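Structure file entry06.csv (CSV, C-alpha atoms) is printed below.
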chain,number,residue,atom,x,y,z
J,1,GLY,CA,1.4,4.7,15.4
J,2,ALA,CA,1.9,1.0,14.9
J,3,VAL,CA,5.1,-0.2,13.4
J,4,VAL,CA,5.8,-2.9,10.9
J,5,SER,CA,9.4,-3.8,10.3
J,6,GLN,CA,10.7,-5.6,7.2
J,7,HIS,CA,14.1,-7.1,6.7
J,8,PRO,CA,16.2,-7.0,4.7
J,9,SER,CA,15.8,-3.7,3.0
J,10,TRP,CA,17.7,-4.9,-0.1
J,11,VAL,CA,19.2,-8.1,-1.2
J,12,ILE,CA,21.2,-9.3,-4.1
J,13,CYS,CA,21.3,-13.1,-4.8
J,14,LYS,CA,22.4,-15.4,-7.4
J,15,SER,CA,20.0,-17.1,-9.7
J,16,GLY,CA,18.8,-20.4,-8.3
J,17,THR,CA,19.2,-19.5,-4.7
J,18,SER,CA,16.4,-18.8,-2.2
J,19,VAL,CA,15.8,-15.5,-0.3
J,20,LYS,CA,13.8,-15.1,2.8
J,21,ILE,CA,12.1,-11.8,3.7
J,22,GLU,CA,10.8,-11.1,7.2
J,23,CYS,CA,7.9,-8.9,8.2
J,24,ARG,CA,7.3,-8.2,11.8
J,25,SER,CA,4.6,-6.2,13.6
J,26,LEU,CA,6.4,-4.6,16.5
J,27,ASP,CA,3.6,-3.4,18.7
J,28,PHE,CA,0.5,-5.3,17.8
J,29,GLN,CA,-0.5,-8.8,17.0
J,30,ALA,CA,-1.3,-9.3,13.4
J,31,THR,CA,-3.4,-12.3,12.6
J,32,THR,CA,-3.3,-11.3,8.9
J,33,MET,CA,-0.5,-9.8,6.9
J,34,PHE,CA,-0.3,-9.0,3.3
J,35,TRP,CA,2.5,-9.4,0.8
J,36,TYR,CA,2.8,-7.1,-2.2
J,37,ARG,CA,5.0,-6.9,-5.2
J,38,GLN,CA,5.7,-3.7,-6.9
J,39,PHE,CA,7.4,-2.9,-10.2
J,40,PRO,CA,8.9,0.6,-10.8
J,41,LYS,CA,6.3,3.3,-11.2
J,42,GLN,CA,3.5,0.8,-10.8
J,43,SER,CA,1.0,0.0,-8.1
J,44,LEU,CA,1.2,-2.6,-5.4
J,45,MET,CA,0.2,-6.0,-6.6
J,46,LEU,CA,-1.2,-8.2,-3.9
J,47,MET,CA,0.5,-11.5,-4.0
J,48,ALA,CA,-0.9,-13.3,-1.0
J,49,THR,CA,-2.6,-12.9,2.4
J,50,SER,CA,-0.7,-14.5,5.2
J,51,ASN,CA,-2.8,-16.0,8.0
J,52,GLU,CA,-1.3,-16.8,11.4
J,53,GLY,CA,-1.4,-20.5,12.0
J,54,SER,CA,-2.9,-21.5,8.7
J,55,LYS,CA,-2.0,-21.6,5.0
J,56,ALA,CA,-1.6,-18.4,3.1
J,57,THR,CA,-4.2,-17.4,0.5
J,58,TYR,CA,-2.5,-16.7,-2.9
J,59,GLU,CA,-3.8,-14.4,-5.6
J,60,GLN,CA,-4.5,-15.8,-9.0
J,61,GLY,CA,-1.4,-16.2,-11.0
J,62,VAL,CA,1.0,-16.2,-8.0
J,63,GLU,CA,3.0,-19.5,-7.7
J,64,LYS,CA,2.6,-20.7,-4.2
J,65,ASP,CA,5.6,-23.1,-4.6
J,66,LYS,CA,7.8,-20.3,-5.7
J,67,PHE,CA,6.7,-17.7,-3.1
J,68,LEU,CA,6.5,-19.6,0.2
J,69,ILE,CA,4.7,-17.8,3.0
J,70,ASN,CA,4.9,-18.7,6.6
J,71,HIS,CA,3.0,-17.0,9.4
J,72,ALA,CA,4.1,-18.9,12.4
J,73,SER,CA,3.5,-16.3,15.1
J,74,LEU,CA,1.2,-13.3,15.6
J,75,THR,CA,4.1,-10.9,14.9
J,76,LEU,CA,6.1,-12.5,12.2
J,77,SER,CA,5.4,-13.5,8.6
J,78,THR,CA,8.1,-14.6,6.1
J,79,LEU,CA,8.2,-14.7,2.4
J,80,THR,CA,10.7,-17.0,0.8
J,81,VAL,CA,11.4,-16.6,-2.9
J,82,THR,CA,12.6,-20.0,-3.9
J,83,SER,CA,15.0,-20.7,-6.8
J,84,ALA,CA,15.0,-17.1,-7.6
J,85,HIS,CA,15.4,-15.9,-11.2
J,86,PRO,CA,16.2,-12.5,-12.6
J,87,GLU,CA,12.5,-12.0,-13.4
J,88,ASP,CA,11.8,-12.2,-9.7
J,89,SER,CA,13.7,-9.0,-9.2
J,90,SER,CA,11.3,-6.5,-7.8
J,91,PHE,CA,10.3,-4.5,-4.7
J,92,TYR,CA,8.4,-6.6,-2.1
J,93,ILE,CA,6.5,-5.0,0.6
J,94,CYS,CA,4.4,-6.3,3.5
J,95,SER,CA,1.6,-4.7,5.4
J,96,ALA,CA,-0.5,-5.4,8.5
J,97,ARG,CA,-3.2,-3.8,10.4
J,98,PRO,CA,-4.2,-4.1,14.1
J,99,PRO,CA,-7.1,-6.6,14.1
J,100,MET,CA,-9.3,-4.6,16.3
J,101,GLY,CA,-8.6,-1.4,14.5
J,102,ARG,CA,-11.5,0.8,13.5
J,103,MET,CA,-12.5,1.7,10.0
J,104,ASN,CA,-10.1,4.7,10.1
J,105,THR,CA,-7.1,2.7,11.1
J,106,GLU,CA,-4.7,2.7,8.3
J,107,ALA,CA,-2.6,-0.3,7.0
J,108,PHE,CA,1.0,-0.2,8.2
J,109,PHE,CA,3.7,-1.1,5.8
J,110,GLY,CA,7.2,-2.5,6.2
J,111,GLN,CA,10.0,-0.5,4.6
J,112,GLY,CA,10.0,-2.9,1.6
J,113,THR,CA,12.7,-5.2,0.3
J,114,ARG,CA,14.4,-4.5,-3.0
J,115,LEU,CA,15.4,-7.9,-4.5
J,116,THR,CA,17.9,-8.2,-7.3
J,117,VAL,CA,18.6,-11.6,-8.8
J,118,VAL,CA,21.8,-11.8,-10.8
I,119,ALA,CA,-15.8,-6.0,-5.6
I,120,GLN,CA,-13.7,-3.0,-4.9
I,121,LYS,CA,-12.0,-0.9,-7.6
I,122,ILE,CA,-9.9,2.2,-7.3
I,123,THR,CA,-9.0,4.3,-10.4
I,124,GLN,CA,-6.3,7.0,-10.6
I,125,THR,CA,-6.3,8.4,-14.1
I,126,GLN,CA,-3.2,10.6,-13.9
I,127,PRO,CA,-0.1,8.6,-14.3
I,128,GLY,CA,2.1,11.7,-13.9
I,129,MET,CA,1.5,15.2,-12.7
I,130,PHE,CA,3.7,18.3,-12.5
I,131,VAL,CA,3.3,21.3,-10.2
I,132,GLN,CA,5.2,24.4,-9.5
I,133,GLU,CA,6.6,24.8,-6.0
I,134,LYS,CA,4.3,26.6,-3.7
I,135,GLU,CA,1.3,25.9,-5.9
I,136,ALA,CA,-1.6,23.6,-5.1
I,137,VAL,CA,-2.2,20.3,-6.9
I,138,THR,CA,-5.2,17.9,-7.1
I,139,LEU,CA,-4.6,14.2,-7.5
I,140,ASP,CA,-7.7,12.4,-8.8
I,141,CYS,CA,-9.2,9.2,-7.4
I,142,THR,CA,-12.5,7.5,-8.1
I,143,TYR,CA,-13.7,4.3,-6.6
I,144,ASP,CA,-16.4,1.7,-6.9
I,145,THR,CA,-17.7,-0.5,-4.1
I,146,SER,CA,-20.8,-2.3,-3.0
I,147,ASP,CA,-19.9,-2.0,0.7
I,148,PRO,CA,-22.3,0.2,2.6
I,149,SER,CA,-19.5,1.6,4.7
I,150,TYR,CA,-15.9,2.1,3.6
I,151,GLY,CA,-12.8,4.1,4.2
I,152,LEU,CA,-10.6,5.9,1.7
I,153,PHE,CA,-6.9,6.4,2.3
I,154,TRP,CA,-4.1,8.2,0.6
I,155,TYR,CA,-0.5,7.1,0.8
I,156,LYS,CA,2.7,8.7,-0.4
I,157,GLN,CA,5.6,6.6,-1.6
I,158,PRO,CA,8.9,8.4,-2.1
I,159,SER,CA,11.7,6.9,-4.1
I,160,SER,CA,13.0,5.1,-0.9
I,161,GLY,CA,9.9,2.9,-1.2
I,162,GLU,CA,8.3,3.4,2.2
I,163,MET,CA,4.5,3.9,2.2
I,164,ILE,CA,3.5,6.9,4.2
I,165,PHE,CA,-0.1,7.3,5.3
I,166,LEU,CA,-1.4,10.8,4.6
I,167,ILE,CA,-5.1,11.2,5.2
I,168,TYR,CA,-8.3,9.2,5.7
I,169,GLN,CA,-11.9,9.8,4.8
I,170,GLY,CA,-14.8,7.8,6.0
I,171,SER,CA,-17.8,7.2,3.8
I,172,TYR,CA,-20.1,8.6,6.4
I,173,ASP,CA,-18.0,11.6,7.4
I,174,GLN,CA,-19.9,14.8,6.8
I,175,GLN,CA,-16.9,16.9,6.4
I,176,ASN,CA,-13.9,16.6,4.1
I,177,ALA,CA,-10.8,15.4,5.9
I,178,THR,CA,-7.8,17.7,6.3
I,179,GLU,CA,-4.3,17.0,7.6
I,180,GLY,CA,-2.0,20.0,7.4
I,181,ARG,CA,-1.3,20.7,3.8
I,182,TYR,CA,-3.4,17.7,2.7
I,183,SER,CA,-7.1,17.8,2.2
I,184,LEU,CA,-9.5,15.4,0.6
I,185,ASN,CA,-12.2,16.5,-1.7
I,186,PHE,CA,-14.8,13.8,-1.1
I,187,GLN,CA,-17.8,13.7,-3.4
I,188,LYS,CA,-19.7,10.6,-2.4
I,189,ALA,CA,-22.4,10.8,-5.1
I,190,ARG,CA,-19.6,10.9,-7.7
I,191,LYS,CA,-17.6,8.3,-5.9
I,192,SER,CA,-14.5,10.4,-6.0
I,193,ALA,CA,-11.9,11.2,-3.3
I,194,ASN,CA,-9.4,13.6,-4.7
I,195,LEU,CA,-6.3,14.6,-2.7
I,196,VAL,CA,-5.4,18.3,-2.7
I,197,ILE,CA,-1.9,19.3,-1.7
I,198,SER,CA,-1.5,22.9,-1.0
I,199,ALA,CA,1.7,25.0,-1.1
I,200,SER,CA,3.7,22.2,-2.8
I,201,GLN,CA,7.2,21.5,-1.6
I,202,LEU,CA,10.1,19.8,-3.4
I,203,GLY,CA,9.8,17.0,-0.9
I,204,ASP,CA,6.3,16.2,-2.1
I,205,SER,CA,7.7,14.7,-5.3
I,206,ALA,CA,6.7,11.0,-5.0
I,207,MET,CA,4.2,8.4,-6.0
I,208,TYR,CA,0.7,8.9,-4.5
I,209,PHE,CA,-1.7,6.0,-4.0
I,210,CYS,CA,-5.4,6.1,-3.3
I,211,ALA,CA,-6.6,3.1,-1.4
I,212,MET,CA,-9.9,1.8,0.0
I,213,ARG,CA,-11.0,-0.6,2.6
I,214,GLY,CA,-14.7,-1.7,2.9
I,215,ILE,CA,-16.5,-2.9,5.9
I,216,ASN,CA,-16.8,-6.3,4.3
I,217,THR,CA,-13.3,-6.6,3.1
I,218,GLY,CA,-11.6,-7.3,6.4
I,219,ASN,CA,-8.1,-5.9,6.6
I,220,GLN,CA,-7.5,-6.0,2.9
I,221,PHE,CA,-6.8,-2.6,1.2
I,222,TYR,CA,-7.3,-2.0,-2.5
I,223,PHE,CA,-5.0,0.3,-4.3
I,224,GLY,CA,-5.1,2.5,-7.3
I,225,THR,CA,-2.4,2.6,-10.0
I,226,GLY,CA,-0.8,5.6,-8.5
I,227,THR,CA,0.1,9.1,-9.6
I,228,SER,CA,3.7,10.3,-9.9
I,229,LEU,CA,3.9,13.8,-8.7
I,230,THR,CA,6.9,16.0,-9.6
I,231,VAL,CA,7.3,19.4,-7.9
I,232,ILE,CA,9.2,21.9,-10.1
I,233,PRO,CA,11.3,24.5,-8.4
Could I get this structure in the form of structure tokens?
Amino acid sequence: GAVVSQHPSWVICKSGTSVKIECRSLDFQATTMFWYRQFPKQSLMLMATSNEGSKATYEQGVEKDKFLINHASLTLSTLTVTSAHPEDSSFYICSARPPMGRMNTEAFFGQGTRLTVV
Amino acid sequence: AQKITQTQPGMFVQEKEAVTLDCTYDTSDPSYGLFWYKQPSSGEMIFLIYQGSYDQQNATEGRYSLNFQKARKSANLVISASQLGDSAMYFCAMRGINTGNQFYFGTGTSLTVIP
């Protein structure tokens, strides 16, 4: 099946610094990628839809200046958590789906990134 | 609008027994797909099984089967012969014909298999 790779798997950073998370589709071109945030034992909360070559679409309540998304190529989307604070500590996970996939084509997920801000 | 509801925050099952994880949904899309994912403690999302809204038969994949009742808008996951490795979070998700590539997720069910 298709593969989506996310890097890094975990990161610890100091409060006030920025962290970049990469999401790559390895064997298909993804015009759209999705970024989720997940708290322990909770569901995936959609943060934003990353669109190749254009601005990301953010969900209500998500600060676009804090969570910068760049989708510069058909295989790479990045999420940058700017000026990170301890409350930004969470599990971030991306997903993508082949654009020409049929209804039964599942969403493919990256491995996720566990961010800890100290 | 799409909505997925999972009413069981946590479930326990004895090893080798079967367990049913509930999922109900609501959508206005005429055609849609229902998906189940497993998320172990490592965090990865593992696709388990798919059911199309026009599929006549319930989907099965190994020990996983989907009890699809369209009129009731439910798509329950049945895991047979539970194994210790089945302990994980399980998410029901839906994608509609009019929602593009966006998937909508339920709140999840934490399954614990007891030896």
Do me a favour and pick out the residues of chain J within 10 Å of chain I, using all atoms listed in the file, as a short mmCIF file (atom, residue, chain, number, x, y, z; two decimals) with C-alpha atoms, in the frame of the given file.
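That gives us part_20.cif:
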data_model
loop_
_atom_site.label_atom_id
_atom_site.label_comp_id
_atom_site.auth_asym_id
_atom_site.auth_seq_id
_atom_site.Cartn_x
_atom_site.Cartn_y
_atom_site.Cartn_z
CA SER J 9 15.80 -3.70 3.00
CA THR J 31 -3.40 -12.30 12.60
CA THR J 32 -3.30 -11.30 8.90
CA MET J 33 -0.50 -9.80 6.90
CA PHE J 34 -0.30 -9.00 3.30
CA GLN J 38 5.70 -3.70 -6.90
CA PRO J 40 8.90 0.60 -10.80
CA LYS J 41 6.30 3.30 -11.20
CA GLN J 42 3.50 0.80 -10.80
CA SER J 43 1.00 0.00 -8.10
CA LEU J 44 1.20 -2.60 -5.40
CA MET J 45 0.20 -6.00 -6.60
CA LEU J 46 -1.20 -8.20 -3.90
CA THR J 49 -2.60 -12.90 2.40
CA PHE J 91 10.30 -4.50 -4.70
CA TYR J 92 8.40 -6.60 -2.10
CA ILE J 93 6.50 -5.00 0.60
CA SER J 95 1.60 -4.70 5.40
CA ALA J 96 -0.50 -5.40 8.50
CA ARG J 97 -3.20 -3.80 10.40
CA PRO J 98 -4.20 -4.10 14.10
CA PRO J 99 -7.10 -6.60 14.10
CA MET J 100 -9.30 -4.60 16.30
CA GLY J 101 -8.60 -1.40 14.50
CA ARG J 102 -11.50 0.80 13.50
CA MET J 103 -12.50 1.70 10.00
CA ASN J 104 -10.10 4.70 10.10
CA THR J 105 -7.10 2.70 11.10
CA GLU J 106 -4.70 2.70 8.30
CA ALA J 107 -2.60 -0.30 7.00
CA PHE J 108 1.00 -0.20 8.20
CA PHE J 109 3.70 -1.10 5.80
CA GLY J 110 7.20 -2.50 6.20
CA GLN J 111 10.00 -0.50 4.60
CA GLY J 112 10.00 -2.90 1.60
CA THR J 113 12.70 -5.20 0.30
CA ARG J 114 14.40 -4.50 -3.00
#
Between J:Val11, J:Leu115, J:Val3, J:Met47, which is the closest to J:Glu87 once you count only C-alpha atoms?
->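 Comparing J:Val11, J:Leu115, J:Val3, J:Met47 against J:Glu87, the winner is J:Leu115.
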Atom CA of I:Lys191 to atom CA of I:Ala119 measures 14.4 Å
Atomic separation - atom CA of J:Phe67 relative to atom CA of J:Ser25, Å |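 Distance reported for this atom pair: 20.4 Å.
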Selection near I:Val137, 8 Å with all atoms listed in the file, sequence-local residues under 3 positions removed, as a list in words =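 After dropping sequence-adjacent residues, the list is Val131, Val196, Ile197, Ser198 and Ser200 of chain I.
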Do you have the atom CA of J:Ser15-atom CA of J:His85 distance handy?
->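 Between these atoms lies a distance of 5.0 Å.
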Using only C-alpha atoms, which of the listed residues (I:Cys210, I:Lys134, I:Thr230, I:Thr217) sits closest to I:Arg181?
->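 Residue with the minimum atom-to-atom distance to I:Arg181: I:Lys134.
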Could you pull the residues within 12 Å of stretch 69-75 of chain J, counting only C-alpha atoms, minus those fewer than 3 positions along the same chain, as a count of residues only?
-> 49
Using only C-alpha atoms, which of J:His7, J:Ser18, J:Val117, J:Glu59 sits nearest J:Ser83?
->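 Going through J:His7, J:Ser18, J:Val117, J:Glu59 one by one, the smallest distance to J:Ser83 is for J:Ser18.
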